[in-house]
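Enquirer: Sending over data20.cif (mmCIF, C-alpha atoms and all ligand atoms).
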```
data_work
loop_
_atom_site.label_atom_id
_atom_site.label_comp_id
_atom_site.auth_asym_id
_atom_site.auth_seq_id
_atom_site.Cartn_x
_atom_site.Cartn_y
_atom_site.Cartn_z
CA MET A 1 47.09 170.98 293.43
CA ILE A 2 49.42 170.56 290.46
CA HIS A 3 52.28 171.50 292.70
CA THR A 4 51.61 168.75 295.32
CA SER A 5 51.11 166.01 292.71
CA LEU A 6 54.45 166.95 291.16
CA ARG A 7 56.06 166.67 294.56
CA LYS A 8 54.43 163.31 295.08
CA LYS A 9 55.73 162.09 291.73
CA PHE A 10 59.15 163.39 292.52
CA SER A 11 59.32 161.58 295.84
CA TYR A 12 58.19 158.33 294.19
CA CYS A 13 61.03 158.76 291.73
CA VAL A 14 63.53 159.28 294.53
CA LEU A 15 62.18 156.25 296.37
CA ALA A 16 62.46 154.09 293.23
CA PHE A 17 66.00 155.30 292.66
CA VAL A 18 67.09 154.53 296.22
CA LEU A 19 65.60 151.06 295.92
CA PHE A 20 67.39 150.50 292.61
CA ALA A 21 70.70 151.69 294.04
CA ALA A 22 70.31 149.38 297.03
CA ILE A 23 69.73 146.39 294.73
CA CYS A 24 72.77 147.33 292.68
CA VAL A 25 75.00 147.50 295.73
CA TRP A 26 73.71 144.16 296.97
CA LYS A 27 74.37 142.54 293.59
CA GLU A 28 77.89 143.94 293.43
CA ARG A 29 78.66 142.52 296.84
CA LYS A 30 77.34 139.14 295.85
CA LYS A 31 79.44 139.21 292.72
CA GLY A 32 82.53 140.05 294.75
CA SER A 33 82.18 137.05 296.99
CA TYR A 34 81.58 134.82 294.00
CA TYR A 35 84.82 135.92 292.40
CA GLY A 36 86.51 135.32 295.70
CA SER A 37 85.59 131.68 295.54
CA LEU A 38 86.40 131.35 291.86
CA LYS A 39 89.88 132.70 292.10
CA LEU A 40 90.84 129.83 294.29
CA GLN A 41 91.06 127.46 291.41
CA THR A 42 92.86 129.28 288.71
CA ASN A 43 95.99 130.75 290.11
CA GLU A 44 98.77 128.81 288.51
CA PHE A 45 101.78 128.65 286.36
CA GLN A 46 100.73 131.76 284.55
CA GLU A 47 102.70 132.87 281.62
CA PRO A 48 102.61 135.83 279.29
CA LYS A 49 101.12 133.53 276.69
CA ASN A 50 97.86 133.18 278.58
CA LEU A 51 97.40 136.88 278.77
CA GLU A 52 98.24 137.41 275.19
CA LYS A 53 95.96 134.63 274.08
CA LEU A 54 93.16 135.87 276.20
CA THR A 55 93.40 139.39 274.96
CA THR A 56 93.50 138.40 271.34
CA GLY A 57 91.21 135.45 271.76
CA SER A 58 88.20 137.18 273.14
CA GLY A 59 86.99 140.70 273.41
CA SER A 60 84.89 139.83 276.37
CA GLN A 61 87.48 139.77 279.05
CA HIS A 62 86.70 143.19 280.43
CA VAL A 63 82.99 142.68 280.40
CA SER A 64 82.11 142.15 283.98
CA SER A 65 80.04 139.22 284.97
CA ARG A 66 76.36 139.53 285.63
CA SER A 67 76.22 136.28 287.42
CA THR A 68 73.15 135.62 289.44
CA GLN A 69 74.04 132.01 290.11
CA VAL A 70 74.31 130.83 293.64
CA PRO A 71 78.02 130.78 294.50
CA HIS A 72 79.36 127.27 294.26
CA GLN A 73 82.01 125.75 296.38
CA LEU A 74 83.41 124.44 293.13
CA SER A 75 86.97 124.34 294.20
CA ARG A 76 86.45 123.57 297.82
CA THR A 77 85.18 120.52 299.43
CA LEU A 78 85.52 119.23 302.89
CA SER A 79 88.39 116.87 303.24
CA PRO A 80 87.35 113.27 303.62
CA ARG A 81 90.29 112.45 305.92
CA VAL A 82 89.45 109.74 308.37
CA PRO A 83 89.25 111.22 311.85
CA HIS A 84 91.71 109.89 314.37
CA LYS A 85 90.22 107.95 317.25
CA THR A 86 91.39 110.15 320.11
CA LYS A 87 92.27 113.43 318.47
CA PRO A 88 89.87 114.64 315.78
CA GLN A 89 91.79 115.72 312.67
CA PRO A 90 91.06 119.15 311.31
CA THR A 91 89.55 119.26 307.84
CA PHE A 92 90.94 121.39 305.03
CA GLN A 93 89.10 122.92 302.16
CA VAL A 94 91.10 122.19 299.04
CA TRP A 95 90.67 121.67 295.31
CA ASN A 96 87.78 119.41 294.33
CA LYS A 97 88.96 116.83 291.79
CA ASP A 98 85.54 116.89 290.12
CA SER A 99 85.44 120.62 289.43
CA SER A 100 83.32 121.37 286.41
CA SER A 101 83.14 124.22 283.92
CA LYS A 102 79.44 124.53 284.73
CA ASN A 103 80.44 126.33 287.89
CA LEU A 104 82.43 129.00 286.07
CA VAL A 105 81.01 132.48 285.73
CA PRO A 106 79.18 133.15 282.45
CA ARG A 107 82.03 135.38 281.26
CA LEU A 108 84.47 132.48 281.44
CA GLN A 109 82.05 130.10 279.84
CA LYS A 110 81.77 132.53 276.95
CA ILE A 111 85.56 132.70 276.51
CA TRP A 112 85.61 128.92 276.66
CA LYS A 113 83.03 128.64 273.89
CA ASN A 114 85.01 131.13 271.82
CA TYR A 115 88.08 128.91 272.03
CA VAL A 116 86.05 125.86 271.08
CA ARG A 117 84.61 127.74 268.11
CA MET A 118 88.00 129.08 267.00
CA ASN A 119 89.71 125.70 267.38
CA LYS A 120 92.98 127.32 266.41
CA TYR A 121 94.98 124.08 266.49
CA LYS A 122 92.40 122.12 264.48
CA VAL A 123 91.84 119.63 267.24
CA SER A 124 89.73 116.65 266.27
CA TYR A 125 89.77 114.23 269.16
CA LYS A 126 88.84 110.71 268.17
CA GLY A 127 89.94 108.81 271.25
CA PRO A 128 87.93 107.17 273.99
CA GLY A 129 85.87 109.10 276.48
CA PRO A 130 85.02 111.64 277.57
CA GLY A 131 84.93 110.66 281.21
CA VAL A 132 86.87 107.38 281.12
CA LYS A 133 87.68 106.29 284.66
CA PHE A 134 91.13 104.99 285.58
CA SER A 135 92.55 103.90 288.90
CA VAL A 136 95.45 106.06 290.05
CA ASP A 137 98.02 103.43 289.03
CA ALA A 138 96.36 102.79 285.69
CA LEU A 139 96.29 106.51 284.94
CA LEU A 140 99.97 106.87 285.78
CA CYS A 141 100.75 103.96 283.43
CA HIS A 142 98.53 105.46 280.75
CA LEU A 143 100.39 108.76 280.98
CA ARG A 144 103.78 107.06 280.96
CA ASP A 145 102.96 104.97 277.91
CA HIS A 146 101.22 107.59 275.80
CA VAL A 147 102.98 110.85 276.53
CA ASN A 148 106.38 110.65 274.90
CA VAL A 149 108.58 113.11 276.74
CA SER A 150 111.46 113.63 274.35
CA MET A 151 113.21 116.48 272.64
CA VAL A 152 113.67 117.52 269.03
CA ASP A 153 116.70 115.69 267.81
CA THR A 154 119.49 116.16 265.24
CA THR A 155 117.95 113.43 263.08
CA ASP A 156 114.56 115.16 262.80
CA TYR A 157 114.04 116.98 259.52
CA PRO A 158 114.76 119.94 259.12
CA PHE A 159 117.04 119.90 262.15
CA ASN A 160 119.26 117.43 260.28
CA THR A 161 120.12 120.01 257.61
CA SER A 162 123.22 122.21 257.41
CA GLU A 163 121.19 125.22 258.53
CA TRP A 164 120.89 123.60 261.96
CA GLU A 165 124.23 121.93 262.20
CA GLY A 166 125.76 122.29 265.64
CA TYR A 167 122.79 124.04 267.24
CA LEU A 168 120.87 121.29 269.00
CA PRO A 169 122.54 119.69 272.03
CA ARG A 170 124.21 116.49 270.92
CA GLU A 171 123.46 114.56 274.10
CA ASN A 172 120.11 113.11 274.93
CA ILE A 173 118.42 114.97 277.79
CA ARG A 174 118.33 111.76 279.82
CA THR A 175 122.11 111.81 280.08
CA LYS A 176 121.97 115.39 281.41
CA ALA A 177 118.89 115.25 283.57
CA GLY A 178 118.20 112.69 286.29
CA PRO A 179 117.31 110.18 287.26
CA TRP A 180 116.49 111.90 290.52
CA ARG A 181 114.73 110.75 293.63
CA ARG A 182 112.76 113.77 294.83
CA CYS A 183 111.95 116.71 292.57
CA ALA A 184 110.12 119.99 292.98
CA VAL A 185 108.00 121.81 290.43
CA VAL A 186 107.58 125.44 291.46
CA SER A 187 104.75 127.46 289.98
CA SER A 188 104.94 131.21 289.58
CA ALA A 189 101.70 131.82 291.48
CA GLY A 190 101.31 134.92 293.60
CA SER A 191 100.40 132.65 296.49
CA LEU A 192 104.06 131.63 296.82
CA LYS A 193 104.68 135.06 298.29
CA SER A 194 105.32 134.83 302.04
CA SER A 195 105.16 131.04 301.88
CA GLN A 196 108.60 130.52 303.45
CA LEU A 197 108.93 127.39 301.29
CA GLY A 198 112.44 128.21 300.03
CA GLN A 199 114.31 125.74 302.21
CA GLU A 200 111.82 122.97 301.61
CA ILE A 201 112.04 123.49 297.84
CA ASP A 202 115.84 123.58 297.83
CA ASP A 203 115.94 120.29 299.74
CA HIS A 204 114.86 118.48 296.57
CA ASP A 205 117.35 116.80 294.24
CA ALA A 206 116.14 118.87 291.31
CA VAL A 207 113.91 121.93 290.90
CA LEU A 208 111.93 122.92 287.81
CA ARG A 209 110.84 126.53 287.30
CA PHE A 210 108.92 128.32 284.57
CA ASN A 211 109.54 131.11 282.11
CA GLY A 212 111.07 134.20 283.72
CA ALA A 213 110.38 133.24 287.34
CA PRO A 214 113.29 134.61 289.42
CA THR A 215 114.86 133.30 292.60
CA ALA A 216 116.94 136.39 293.50
CA ASN A 217 115.12 138.42 296.17
CA PHE A 218 112.59 135.61 296.63
CA GLN A 219 114.83 132.89 298.08
CA GLN A 220 112.87 132.67 301.31
CA ASP A 221 109.71 131.77 299.45
CA VAL A 222 110.83 129.91 296.32
CA GLY A 223 114.38 128.73 297.05
CA THR A 224 117.55 129.25 295.03
CA LYS A 225 118.08 126.06 293.04
CA THR A 226 117.08 125.86 289.37
CA THR A 227 117.82 122.55 287.67
CA ILE A 228 115.45 122.88 284.73
CA ARG A 229 113.69 125.95 283.34
CA LEU A 230 110.73 125.32 281.06
CA MET A 231 109.88 128.27 278.83
CA ASN A 232 107.20 128.97 276.29
CA SER A 233 108.21 129.99 272.80
CA GLN A 234 106.71 133.43 273.20
CA LEU A 235 109.25 134.29 275.86
CA VAL A 236 112.15 133.09 273.71
CA THR A 237 110.81 134.97 270.68
CA THR A 238 109.72 138.29 272.00
CA GLU A 239 111.51 139.07 275.18
CA GLY A 240 114.64 141.02 274.29
CA ARG A 241 115.90 140.29 277.74
CA PHE A 242 116.04 136.59 277.04
CA LEU A 243 119.42 136.90 275.36
CA SER A 244 120.97 139.14 278.00
CA ASP A 245 119.34 138.28 281.35
CA SER A 246 121.59 136.04 283.45
CA LEU A 247 118.45 134.52 284.96
CA TYR A 248 118.42 132.09 282.05
CA ASN A 249 122.04 131.03 282.33
CA GLU A 250 121.47 128.48 285.06
CA GLY A 251 120.36 124.88 284.64
CA ILE A 252 118.92 123.03 281.69
CA LEU A 253 116.63 125.04 279.43
CA ILE A 254 113.66 123.59 277.59
CA VAL A 255 111.47 125.60 275.22
CA TRP A 256 108.10 124.37 274.01
CA ASP A 257 105.86 125.48 271.18
CA PRO A 258 102.66 123.71 270.18
CA SER A 259 102.15 122.25 266.73
CA MET A 260 98.76 122.01 265.13
CA TYR A 261 96.98 119.03 266.67
CA HIS A 262 99.37 116.07 266.24
CA ALA A 263 101.21 117.68 263.32
CA ASP A 264 104.71 116.27 262.79
CA ILE A 265 107.95 118.23 263.18
CA PRO A 266 108.36 119.29 259.51
CA LYS A 267 104.78 120.63 259.40
CA TRP A 268 105.20 122.36 262.74
CA TYR A 269 108.47 123.92 261.62
CA GLN A 270 106.68 125.68 258.79
CA ASN A 271 103.98 126.99 261.08
CA PRO A 272 105.09 127.36 264.69
CA ASP A 273 102.97 129.29 267.19
CA TYR A 274 105.91 131.62 267.76
CA SER A 275 108.91 131.52 265.48
CA PHE A 276 111.55 131.29 268.17
CA PHE A 277 114.22 129.59 266.06
CA ASN A 278 116.44 132.59 265.40
CA ASN A 279 116.56 133.58 269.05
CA TYR A 280 117.21 129.97 269.97
CA LYS A 281 120.22 129.91 267.66
CA SER A 282 121.49 133.24 268.99
CA TYR A 283 121.26 131.98 272.54
CA ARG A 284 123.05 128.76 271.64
CA LYS A 285 125.90 130.75 270.10
CA LEU A 286 126.22 132.81 273.27
CA HIS A 287 125.97 129.83 275.63
CA PRO A 288 127.08 126.74 273.70
CA ASN A 289 127.77 124.72 276.85
CA GLN A 290 124.39 125.17 278.50
CA PRO A 291 121.97 122.36 277.64
CA PHE A 292 119.01 123.90 275.81
CA TYR A 293 116.39 121.58 274.39
CA ILE A 294 113.30 121.95 272.24
CA LEU A 295 110.40 119.82 273.43
CA ARG A 296 108.86 117.64 270.71
CA PRO A 297 105.84 119.67 269.62
CA GLN A 298 103.59 116.62 269.64
CA MET A 299 104.08 115.95 273.34
CA PRO A 300 101.59 118.57 274.58
CA TRP A 301 98.87 117.00 272.42
CA GLU A 302 99.63 113.50 273.64
CA LEU A 303 99.00 114.84 277.12
CA TRP A 304 95.96 116.81 276.01
CA ASP A 305 94.37 113.64 274.61
CA ILE A 306 94.52 112.02 278.03
CA LEU A 307 93.12 115.10 279.75
CA GLN A 308 90.21 114.96 277.32
CA GLU A 309 89.80 111.21 277.70
CA ILE A 310 89.38 111.37 281.48
CA SER A 311 87.40 114.62 281.73
CA PRO A 312 83.63 114.22 281.62
CA GLU A 313 83.13 117.27 279.42
CA GLU A 314 84.67 118.94 276.40
CA ILE A 315 87.91 120.70 277.37
CA GLN A 316 89.45 123.73 275.68
CA PRO A 317 91.11 122.73 272.38
CA ASN A 318 94.33 124.48 273.39
CA PRO A 319 97.58 122.94 274.61
CA PRO A 320 98.03 122.20 278.31
CA SER A 321 99.68 124.82 280.51
CA SER A 322 103.44 125.01 280.96
CA GLY A 323 102.74 123.96 284.51
CA MET A 324 101.19 120.67 283.51
CA LEU A 325 103.93 120.01 280.94
CA GLY A 326 106.60 120.63 283.57
CA ILE A 327 104.92 118.20 285.95
CA ILE A 328 104.92 115.44 283.33
CA ILE A 329 108.53 116.16 282.37
CA MET A 330 109.58 115.77 286.01
CA MET A 331 107.51 112.61 286.40
CA THR A 332 109.66 111.01 283.70
CA LEU A 333 112.90 112.04 285.43
CA CYS A 334 112.10 111.56 289.13
CA ASP A 335 110.75 108.99 291.56
CA GLN A 336 108.60 111.57 293.31
CA VAL A 337 107.43 115.03 292.30
CA ASP A 338 106.35 117.70 294.77
CA ILE A 339 104.35 120.42 293.06
CA TYR A 340 104.04 123.82 294.73
CA GLU A 341 100.98 126.05 294.34
CA PHE A 342 99.47 124.31 291.35
CA LEU A 343 96.61 123.30 293.60
CA PRO A 344 96.09 126.52 295.56
CA SER A 345 96.85 126.72 299.26
CA LYS A 346 95.24 128.91 301.88
CA ARG A 347 97.46 131.73 300.54
CA ARG A 348 95.50 131.97 297.29
CA THR A 349 95.45 135.49 295.90
CA ASP A 350 94.49 137.51 292.86
CA VAL A 351 98.11 138.47 292.29
CA CYS A 352 99.24 136.75 289.10
CA TYR A 353 102.89 136.09 289.92
CA TYR A 354 104.96 136.09 293.07
CA HIS A 355 107.47 138.34 291.34
CA GLN A 356 105.18 140.94 289.84
CA LYS A 357 102.73 143.27 291.44
CA PHE A 358 99.92 143.04 289.03
CA PHE A 359 96.42 141.81 289.29
CA ASP A 360 94.63 140.66 286.23
CA MET A 361 91.38 138.84 286.09
CA ALA A 362 92.39 137.08 282.87
CA CYS A 363 95.61 135.93 284.44
CA THR A 364 93.89 134.51 287.47
CA MET A 365 91.17 132.84 285.49
CA GLY A 366 93.43 131.10 282.99
CA ALA A 367 90.73 130.43 280.45
CA TYR A 368 93.08 129.59 277.59
CA HIS A 369 94.58 126.37 278.93
CA PRO A 370 92.45 123.46 280.13
CA LEU A 371 93.69 124.30 283.61
CA LEU A 372 90.58 123.18 285.45
CA PHE A 373 91.01 119.62 284.17
CA GLU A 374 94.76 119.61 284.71
CA LYS A 375 94.10 120.41 288.34
CA ASN A 376 91.40 117.81 288.62
CA MET A 377 93.91 115.25 287.37
CA VAL A 378 96.69 116.39 289.70
CA LYS A 379 94.28 116.30 292.64
CA TYR A 380 93.20 112.81 291.65
CA LEU A 381 96.81 111.60 291.40
CA ASN A 382 97.91 113.35 294.58
CA GLU A 383 99.45 111.00 297.09
CA GLY A 384 100.00 113.68 299.71
CA THR A 385 97.44 114.96 302.18
CA ASP A 386 94.85 117.69 301.89
CA GLU A 387 96.66 119.34 304.78
CA ASP A 388 99.80 119.66 302.64
CA ILE A 389 97.77 121.25 299.87
CA TYR A 390 96.08 123.65 302.22
CA LEU A 391 99.10 124.69 304.27
CA LEU A 392 101.96 124.35 301.77
CA GLY A 393 100.23 124.35 298.38
CA LYS A 394 102.00 121.02 297.92
CA ALA A 395 100.75 118.06 295.89
CA THR A 396 102.90 114.93 295.65
CA LEU A 397 102.83 112.66 292.60
CA SER A 398 104.67 109.43 291.89
CA GLY A 399 107.15 109.49 289.06
CA PHE A 400 106.95 106.96 286.24
CA ARG A 401 110.27 105.26 286.82
CA ASN A 402 109.25 102.74 289.42
CA LEU A 403 105.79 102.03 288.09
CA ARG A 404 104.78 98.46 287.44
CA CYS A 405 102.32 98.49 284.62
C1 LIG B 1 109.40 108.96 271.47
O1 LIG B 1 109.84 109.84 270.48
C2 LIG B 1 111.16 109.58 270.04
C3 LIG B 1 111.54 110.70 269.10
O2 LIG B 1 110.61 110.84 268.07
C4 LIG B 1 111.22 108.21 269.39
O3 LIG B 1 112.53 107.93 268.97
C5 LIG B 1 110.77 107.16 270.41
O4 LIG B 1 110.71 105.91 269.82
C6 LIG B 1 109.40 107.53 270.97
N1 LIG B 1 109.11 106.65 272.06
C7 LIG B 1 107.93 106.05 272.18
C8 LIG B 1 107.73 105.20 273.37
O5 LIG B 1 107.03 106.20 271.35
C1 LIG B 2 117.01 114.62 256.99
O1 LIG B 2 115.88 113.82 257.27
C2 LIG B 2 115.05 113.59 256.16
C3 LIG B 2 113.78 112.91 256.64
O2 LIG B 2 114.09 111.85 257.53
C4 LIG B 2 115.79 112.78 255.12
O3 LIG B 2 114.97 112.51 254.02
C5 LIG B 2 117.02 113.56 254.70
O4 LIG B 2 117.79 112.80 253.82
C6 LIG B 2 117.85 113.95 255.91
N1 LIG B 2 118.90 114.87 255.48
C7 LIG B 2 120.16 114.71 255.82
C8 LIG B 2 121.11 115.75 255.33
O5 LIG B 2 120.54 113.75 256.46
#
```
Is it possible to express this structure as structure tokens?

Expert:
Amino acid sequence: MIHTSLRKKFSYCVLAFVLFAAICVWKERKKGSYYGSLKLQTNEFQEPKNLEKLTTGSGSQHVSSRSTQVPHQLSRTLSPRVPHKTKPQPTFQVWNKDSSSKNLVPRLQKIWKNYVRMNKYKVSYKGPGPGVKFSVDALLCHLRDHVNVSMVDTTDYPFNTSEWEGYLPRENIRTKAGPWRRCAVVSSAGSLKSSQLGQEIDDHDAVLRFNGAPTANFQQDVGTKTTIRLMNSQLVTTEGRFLSDSLYNEGILIVWDPSMYHADIPKWYQNPDYSFFNNYKSYRKLHPNQPFYILRPQMPWELWDILQEISPEEIQPNPPSSGMLGIIIMMTLCDQVDIYEFLPSKRRTDVCYYHQKFFDMACTMGAYHPLLFEKNMVKYLNEGTDEDIYLLGKATLSGFRNLRC
């Protein structure tokens, strides 16, 4: 009697366990497909900075999501292209310009809230918005008139002191760069791999690349031309290779480092994010003839203010991504800017960079920069087709030069 009731109990236990295991497996699968759809929107101009910030910024990045939300098509929407009369046009699922943080997995929302709470750069936005609506032309004018793309200059204290004499380029960047007609901004996204975009990219009058993104061995996919290389200060500060790698010897270099929110150059100089100044000077001594500029540290915040103004919700109080900064820099120098794999194509992947074989959730998610809103803006301003985004990862924006405001 005792024996059979024990057996009965045991088999109930086994049954319960099997049921539990089945539910677990089902949940895992669901989670997997949700990540699949999320990754679409975050694979960009990743830089070591993001990773570093994410790792130090939040301990939660390895905690896996327990999302039970219904998967959203947050980054995909059917293209509203008008169908042709005789031949129906195919539709392409591309970035939705109204993507919202509400659709992010709870893990990312938590990281987001951590950044808001930390408010490292002491952001206190007092401008209009959030959610101010502009027409495309009005937004372009707004960007042109409020984001001052210029470089630190020999008259800016303390760069006017003897300690800095001879280090900054004497010529204004505008005499070295542009004006150009058609420009390309090339992200470092893993989705550039096997894109065969090299020729198309090289056909532009000028090409901007980021950080340590190479062209050697990747010409087929990313081209060979580098006219401008935009680098974050972390790379210039910490990467020993920066001074010796010939990768950096081509084109015009620009390094950027964020100030505290709208702090001026003297204040920033006392408290940079990364103190890159010694390496900058060393590089200038080694390569005195290569133009190498320092972006005015206020510029990222001037851009950030507009991102916040037009976004309907609170965005991360961290500077925009290198990718977004590079796009704006090229918009000031070119009539037209083609941007590759900022808005993800059909080749979207979890691989962080086209030139490195690593996968990292943090890298793909890009929770540090207000990337989601940068992409919403680029999608809104895009003058190309959804087909170009889907097939080539290409968005096309008008430059500022021929705007009539
Ligand atoms: C942009 O910044 C530079 C350097 O500080 C300054 O000389 C120039 O007047 C500014 N331009 C505008 C439009 O504010
Ligand atoms: C550098 O600029 C500061 C602030 O504009 C000014 O007060 C100072 O006299 C300048 N120094 C030199 C050596 O020109």

Enquirer: For a test of reading the model, state the distance in Å between CA of Thr237 in chain A and CA of Tyr280 in chain A, rounded to one decimal.

Expert: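 Interatomic distance here is 8.2 Å.
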
Enquirer: Please extract the residues at most 8 Å from ligand LIG 1 (chain B), counting all atoms listed in the file, and provide them as a list in words, using the chain letters and residue numbers of this document.

Expert: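 Written in the requested form, the residues are Asp145, His146, Asn148, Val149, Ser150, Met151, Val152, Asp153, Asp156 and Arg296 of chain A.
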
Enquirer: For Thr332 in chain A, which residue out of A:Gln298, A:Ser398, A:Asn278, A:Gln316 is the nearest one, using all atoms listed in the file?

Expert: A:Ser398

Enquirer: Taking the point (105.1, 114.2, 281.5) as given in the file, collect each protein or nucleic acid residue that comes within 8 Å of it, counting only C-alpha atoms, and present the set as a list of chain:residue names.

Expert: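 The distance filter leaves exactly A:Leu143, A:Arg144, A:Val147, A:Asn148, A:Val149, A:Leu303, A:Met324, A:Leu325, A:Gly326, A:Ile327, A:Ile328, A:Ile329, A:Met330, A:Met331, A:Thr332.
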
Enquirer: Write the residues of the preceding selection, restricted to C-alpha atoms, as a PDB file, keeping the file's coordinate frame.

Expert:
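Contents of the output file part.pdb:
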```
ATOM      1  CA  LEU A 143     100.390 108.760 280.980  1.00  0.00           C
ATOM      2  CA  ARG A 144     103.780 107.060 280.960  1.00  0.00           C
ATOM      3  CA  VAL A 147     102.980 110.850 276.530  1.00  0.00           C
ATOM      4  CA  ASN A 148     106.380 110.650 274.900  1.00  0.00           C
ATOM      5  CA  VAL A 149     108.580 113.110 276.740  1.00  0.00           C
ATOM      6  CA  LEU A 303      99.000 114.840 277.120  1.00  0.00           C
ATOM      7  CA  MET A 324     101.190 120.670 283.510  1.00  0.00           C
ATOM      8  CA  LEU A 325     103.930 120.010 280.940  1.00  0.00           C
ATOM      9  CA  GLY A 326     106.600 120.630 283.570  1.00  0.00           C
ATOM     10  CA  ILE A 327     104.920 118.200 285.950  1.00  0.00           C
ATOM     11  CA  ILE A 328     104.920 115.440 283.330  1.00  0.00           C
ATOM     12  CA  ILE A 329     108.530 116.160 282.370  1.00  0.00           C
ATOM     13  CA  MET A 330     109.580 115.770 286.010  1.00  0.00           C
ATOM     14  CA  MET A 331     107.510 112.610 286.400  1.00  0.00           C
ATOM     15  CA  THR A 332     109.660 111.010 283.700  1.00  0.00           C
TER      16      THR A 332
END
```

Enquirer: As JSON, please: the centre and edge lengths in Å, to one decimal, of an axis-aligned box enclosing every listed atom of ligand LIG 2 (chain B) with 3 Å added on each side.

Expert:
```
{"center_x": 117.4, "center_y": 113.8, "center_z": 255.7, "size_x": 13.3, "size_y": 9.9, "size_z": 9.7}
```

Enquirer: Do you know which residues are at most 6 Å from range 258-274 of chain A counting only C-alpha atoms, after dropping those on the same chain fewer than 4 positions away, and could you put them as a PyMOL selection string?

Expert: chain A and resi 121-123+233-234+297-298

Enquirer: Given the selection you just returned, output its residues as a file containing C-alpha atoms, formatted as a tab-separated table (two decimals), keeping the file's coordinate frame.

Expert:
```
chain	number	residue	atom	x	y	z
A	121	TYR	CA	94.98	124.08	266.49
A	122	LYS	CA	92.40	122.12	264.48
A	123	VAL	CA	91.84	119.63	267.24
A	233	SER	CA	108.21	129.99	272.80
A	234	GLN	CA	106.71	133.43	273.20
A	297	PRO	CA	105.84	119.67	269.62
A	298	GLN	CA	103.59	116.62	269.64
```

Enquirer: Looking at A:Glu250, A:Glu314, A:Glu165, A:Asp350, which one is nearest to ligand LIG 2 (chain B), with distances taken over all atoms listed in the file?

Expert: A:Glu165

Enquirer: With all atoms listed in the file as the basis for distance, which of A:Tyr293, A:Trp180, A:Tyr283, A:Phe276 is at the shortest distance from Ile252 in chain A?

Expert: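 Using all atoms listed in the file, the shortest distance to Ile252 in chain A belongs to A:Tyr293.
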
Enquirer: What does the list of residues within 7 Å of ligand LIG 2 (chain B) look like if you count only C-alpha atoms and all ligand atoms, written as a PDB file with C-alpha atoms, keeping the file's coordinate frame?

Expert:
```
ATOM      1  CA  THR A 155     117.950 113.430 263.080  1.00  0.00           C
ATOM      2  CA  ASP A 156     114.560 115.160 262.800  1.00  0.00           C
ATOM      3  CA  TYR A 157     114.040 116.980 259.520  1.00  0.00           C
ATOM      4  CA  PRO A 158     114.760 119.940 259.120  1.00  0.00           C
ATOM      5  CA  ASN A 160     119.260 117.430 260.280  1.00  0.00           C
ATOM      6  CA  THR A 161     120.120 120.010 257.610  1.00  0.00           C
TER       7      THR A 161
END
```

Enquirer: Please list as a ChimeraX atom specification every residue within 10 Å of Asp203 in chain A, counting all atoms listed in the file and excluding residues in the same chain fewer than 6 positions away.

Expert: /A:182-184,223,225

Enquirer: Looking at all atoms listed in the file, which of A:Asp338, A:Ser275, A:Asn172, A:Ile254 is the one that sits closest to Thr238 in chain A?

Expert: A:Ser275

Enquirer: Between CA of Leu168 in chain A and CA of Lys285 in chain A, what is the distance in Å, rounded to a tenth?

Expert: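 So the two atoms, CA of Leu168 in chain A and CA of Lys285 in chain A, lie 10.8 Å apart.
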
Enquirer: Using Å and a single decimal, report how far CA of Val255 in chain A sits from CA of Asn211 in chain A.

Expert: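 Result for CA of Asn211 in chain A versus CA of Val255 in chain A: 9.0 Å, one decimal.
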
Enquirer: Please provide as an MDAnalysis selection string all residues within 10 Å of Gln356 in chain A, with the sequence filter that same-chain residues fewer than 5 positions apart are discarded (counting all atoms listed in the file).

Expert: chainID A and resid 188:190 213 351

Enquirer: Restricting it to C-alpha atoms, dump the selection as a short mmCIF file (atom, residue, chain, number, x, y, z; two decimals), in the frame of the given file.

Expert:
```cif
data_model
loop_
_atom_site.label_atom_id
_atom_site.label_comp_id
_atom_site.auth_asym_id
_atom_site.auth_seq_id
_atom_site.Cartn_x
_atom_site.Cartn_y
_atom_site.Cartn_z
CA SER A 188 104.94 131.21 289.58
CA ALA A 189 101.70 131.82 291.48
CA GLY A 190 101.31 134.92 293.60
CA ALA A 213 110.38 133.24 287.34
CA VAL A 351 98.11 138.47 292.29
#
```

Enquirer: Please check which residues have atoms at most 12 Å from (129.6, 135.5, 276.6) in the file's coordinates, counting only C-alpha atoms, and write them as number ranges by chain.

Expert: A: 243-246, 249, 282-290

Enquirer: Could you tell me which of A:Tyr167, A:Asp335, A:Lys97, A:Arg117 comes closest to Gly399 in chain A if we count only C-alpha atoms?

Expert: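 For Gly399 in chain A, the nearest of the candidates is A:Asp335.
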
Enquirer: Do a neighbour search on Asp386 in chain A at 8 Å with all atoms listed in the file, toss out local chain neighbours closer than 4 positions, and write the hits as a list of chain:residue names.

Expert: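 These residues fall inside the cut-off: A:Ser79, A:Phe92, A:Gln93, A:Val94, A:Tyr390.
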
Enquirer: My list of candidates is A:Leu104, A:Val207, A:Leu230, A:Val337. Which is closest to Leu381 in chain A when distances are computed with all atoms listed in the file?

Expert: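 The shortest atom-to-atom distance to Leu381 in chain A comes from A:Val337.
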